[in-house]
Amino acid sequence: YLAAIEVLIEYKCAKEKLAFVKDWLYKNMDENGQWDFGSKANDKVYFPLSDSWRDKENRKKDSTERVMKLLSKI
(Lines give C-alpha, C1' and ligand atoms only; values in the text may rest on other atoms or scores of the structure.)
Protein backbone atom coordinates (compact mmCIF):
# COMPACT_ATOMS: atom_id res chain seq x y z
CA TYR A 1 0.00 0.00 0.00
CA LEU A 2 2.73 2.47 0.93
CA ALA A 3 4.74 1.66 -2.18
CA ALA A 4 1.74 2.56 -4.35
CA ILE A 5 1.24 5.82 -2.46
CA GLU A 6 4.93 6.64 -2.87
CA VAL A 7 4.55 6.31 -6.63
CA LEU A 8 1.28 8.23 -6.85
CA ILE A 9 2.43 11.14 -4.69
CA GLU A 10 4.80 12.23 -7.46
CA TYR A 11 1.85 13.35 -9.63
CA LYS A 12 0.70 16.99 -9.38
CA CYS A 13 -2.90 16.20 -8.43
CA ALA A 14 -1.91 13.57 -5.88
CA LYS A 15 -1.54 15.81 -2.82
CA GLU A 16 -5.21 16.71 -2.87
CA LYS A 17 -6.41 13.21 -3.66
CA LEU A 18 -4.14 11.51 -1.12
CA ALA A 19 -4.84 13.85 1.79
CA PHE A 20 -6.61 10.99 3.59
CA VAL A 21 -3.30 9.10 3.74
CA LYS A 22 -1.83 11.68 6.09
CA ASP A 23 -4.68 11.17 8.56
CA TRP A 24 -4.42 7.40 8.23
CA LEU A 25 -0.70 7.41 8.90
CA TYR A 26 -1.00 9.64 11.96
CA LYS A 27 -3.75 7.42 13.36
CA ASN A 28 -1.35 4.47 13.13
CA MET A 29 1.57 6.20 14.84
CA ASP A 30 2.50 4.73 18.22
CA GLU A 31 2.66 6.59 21.53
CA ASN A 32 6.35 7.39 20.92
CA GLY A 33 5.69 9.06 17.58
CA GLN A 34 6.97 6.10 15.58
CA TRP A 35 5.62 3.52 13.19
CA ASP A 36 6.32 -0.22 13.12
CA PHE A 37 5.35 -2.18 10.03
CA GLY A 38 6.07 -5.47 11.77
CA SER A 39 8.46 -8.21 10.79
CA LYS A 40 6.14 -9.55 8.08
CA ALA A 41 6.37 -6.23 6.21
CA ASN A 42 9.87 -7.04 4.98
CA ASP A 43 8.76 -7.93 1.47
CA LYS A 44 12.26 -7.80 -0.09
CA VAL A 45 11.03 -5.00 -2.40
CA TYR A 46 11.62 -2.10 -0.04
CA PHE A 47 15.20 -2.10 1.15
CA PRO A 48 15.45 -1.09 4.80
CA LEU A 49 18.20 1.16 6.10
CA SER A 50 19.12 -1.33 8.82
CA ASP A 51 20.93 -4.58 8.17
CA SER A 52 18.23 -6.60 9.92
CA TRP A 53 14.62 -6.12 10.97
CA ARG A 54 14.91 -8.83 13.61
CA ASP A 55 15.70 -6.05 16.07
CA LYS A 56 12.42 -4.26 16.73
CA GLU A 57 14.12 -0.89 17.25
CA ASN A 58 15.84 -1.08 13.86
CA ARG A 59 12.53 -1.97 12.24
CA LYS A 60 10.78 0.95 13.97
CA LYS A 61 13.50 3.37 12.89
CA ASP A 62 13.26 2.21 9.28
CA SER A 63 9.46 2.24 9.30
CA THR A 64 9.40 5.72 10.80
CA GLU A 65 11.95 7.03 8.32
CA ARG A 66 9.88 5.76 5.40
CA VAL A 67 6.64 7.25 6.75
CA MET A 68 8.24 10.60 7.55
CA LYS A 69 9.67 10.82 4.04
CA LEU A 70 6.22 10.12 2.60
CA LEU A 71 4.53 12.62 4.92
CA SER A 72 6.94 15.33 3.83
CA LYS A 73 5.63 14.97 0.29
CA ILE A 74 1.92 15.02 1.13
# chains A, B, ... in the order shown; residues from 1 in each chain; ligands from 1

$ select_by_dssp --residues "chain A" --states "alpha helix (DSSP H)" --output "tab-separated table (two decimals) with N, CA and C atoms, in the first residue's frame"
chain	number	residue	atom	x	y	z
A	2	LEU	N	1.86	1.29	0.87
A	2	LEU	CA	2.73	2.47	0.93
A	2	LEU	C	3.53	2.65	-0.35
A	3	ALA	N	3.97	1.56	-0.94
A	3	ALA	CA	4.74	1.66	-2.18
A	3	ALA	C	3.90	2.31	-3.28
A	4	ALA	N	2.63	1.96	-3.35
A	4	ALA	CA	1.74	2.56	-4.35
A	4	ALA	C	1.56	4.04	-4.08
A	5	ILE	N	1.39	4.41	-2.82
A	5	ILE	CA	1.24	5.82	-2.46
A	5	ILE	C	2.51	6.60	-2.80
A	6	GLU	N	3.66	5.99	-2.56
A	6	GLU	CA	4.93	6.64	-2.87
A	6	GLU	C	5.07	6.93	-4.36
A	7	VAL	N	4.52	6.08	-5.19
A	7	VAL	CA	4.55	6.31	-6.63
A	7	VAL	C	3.55	7.40	-7.01
A	8	LEU	N	2.34	7.29	-6.49
A	8	LEU	CA	1.28	8.23	-6.85
A	8	LEU	C	1.55	9.65	-6.38
A	14	ALA	N	-1.90	14.59	-6.93
A	14	ALA	CA	-1.91	13.57	-5.88
A	14	ALA	C	-2.07	14.14	-4.48
A	15	LYS	N	-1.47	15.28	-4.19
A	15	LYS	CA	-1.54	15.81	-2.82
A	15	LYS	C	-2.98	15.98	-2.37
A	16	GLU	N	-3.80	16.51	-3.22
A	16	GLU	CA	-5.21	16.71	-2.87
A	16	GLU	C	-5.94	15.38	-2.74
A	17	LYS	N	-5.71	14.49	-3.66
A	17	LYS	CA	-6.41	13.21	-3.66
A	17	LYS	C	-5.93	12.25	-2.58
A	19	ALA	N	-4.83	13.19	0.49
A	19	ALA	CA	-4.84	13.85	1.79
A	19	ALA	C	-5.28	12.89	2.90
A	20	PHE	N	-6.14	11.95	2.59
A	20	PHE	CA	-6.61	10.99	3.59
A	20	PHE	C	-5.48	10.12	4.13
A	21	VAL	N	-4.43	9.94	3.33
A	21	VAL	CA	-3.30	9.10	3.74
A	21	VAL	C	-2.61	9.70	4.95
A	22	LYS	N	-2.48	11.01	4.97
A	22	LYS	CA	-1.83	11.68	6.09
A	22	LYS	C	-2.56	11.37	7.39
A	23	ASP	N	-3.88	11.49	7.38
A	23	ASP	CA	-4.68	11.17	8.56
A	23	ASP	C	-4.52	9.71	8.96
A	24	TRP	N	-4.54	8.83	7.98
A	24	TRP	CA	-4.42	7.40	8.23
A	24	TRP	C	-3.08	7.06	8.87
A	25	LEU	N	-2.02	7.67	8.34
A	25	LEU	CA	-0.70	7.41	8.90
A	25	LEU	C	-0.58	7.91	10.34
A	26	TYR	N	-1.08	9.11	10.60
A	26	TYR	CA	-1.00	9.64	11.96
A	26	TYR	C	-1.83	8.82	12.95
A	27	LYS	N	-2.94	8.27	12.49
A	27	LYS	CA	-3.75	7.42	13.36
A	27	LYS	C	-3.03	6.13	13.73
A	56	LYS	N	13.63	-5.08	16.82
A	56	LYS	CA	12.42	-4.26	16.73
A	56	LYS	C	12.75	-2.77	16.61
A	57	GLU	N	13.76	-2.31	17.31
A	57	GLU	CA	14.12	-0.89	17.25
A	57	GLU	C	14.62	-0.49	15.86
A	58	ASN	N	15.40	-1.35	15.24
A	58	ASN	CA	15.84	-1.08	13.86
A	58	ASN	C	14.64	-1.00	12.92
A	59	ARG	N	13.72	-1.93	13.08
A	59	ARG	CA	12.53	-1.97	12.24
A	59	ARG	C	11.70	-0.71	12.44
A	60	LYS	N	11.55	-0.27	13.68
A	60	LYS	CA	10.78	0.95	13.97
A	60	LYS	C	11.45	2.18	13.36
A	61	LYS	N	12.78	2.24	13.47
A	61	LYS	CA	13.50	3.37	12.89
A	61	LYS	C	13.31	3.42	11.37
A	62	ASP	N	13.43	2.27	10.73
A	62	ASP	CA	13.26	2.21	9.28
A	62	ASP	C	11.82	2.54	8.88
A	63	SER	N	10.87	1.98	9.59
A	63	SER	CA	9.46	2.24	9.30
A	63	SER	C	9.16	3.73	9.46
A	64	THR	N	9.64	4.31	10.53
A	64	THR	CA	9.40	5.72	10.80
A	64	THR	C	10.05	6.60	9.75
A	65	GLU	N	11.25	6.26	9.36
A	65	GLU	CA	11.95	7.03	8.32
A	65	GLU	C	11.16	7.02	7.02
A	66	ARG	N	10.64	5.87	6.66
A	66	ARG	CA	9.88	5.76	5.40
A	66	ARG	C	8.59	6.58	5.48
A	67	VAL	N	7.89	6.50	6.59
A	67	VAL	CA	6.64	7.25	6.75
A	67	VAL	C	6.91	8.75	6.77
A	68	MET	N	7.93	9.18	7.47
A	68	MET	CA	8.24	10.60	7.55
A	68	MET	C	8.61	11.16	6.17
A	69	LYS	N	9.32	10.40	5.39
A	69	LYS	CA	9.67	10.82	4.04
A	69	LYS	C	8.40	10.98	3.19
A	70	LEU	N	7.48	10.05	3.34
A	70	LEU	CA	6.22	10.12	2.60
A	70	LEU	C	5.39	11.32	3.08
A	71	LEU	N	5.29	11.50	4.37
A	71	LEU	CA	4.53	12.62	4.92
A	71	LEU	C	5.07	13.97	4.46
A	72	SER	N	6.36	14.06	4.28
A	72	SER	CA	6.94	15.33	3.83
A	72	SER	C	6.52	15.71	2.42
A	73	LYS	N	6.06	14.72	1.67
A	73	LYS	CA	5.63	14.97	0.29
A	73	LYS	C	4.13	15.23	0.16

$ closest_residue --among "A:Leu18, A:Tyr1, A:Ile74, A:Ile9" --to "A:Ala41" --atoms "only C-alpha atoms"
A:Tyr1

$ atom_distance --atom1 "atom CA of A:Ser39" --atom2 "atom CA of A:Trp53"
6.5 Å
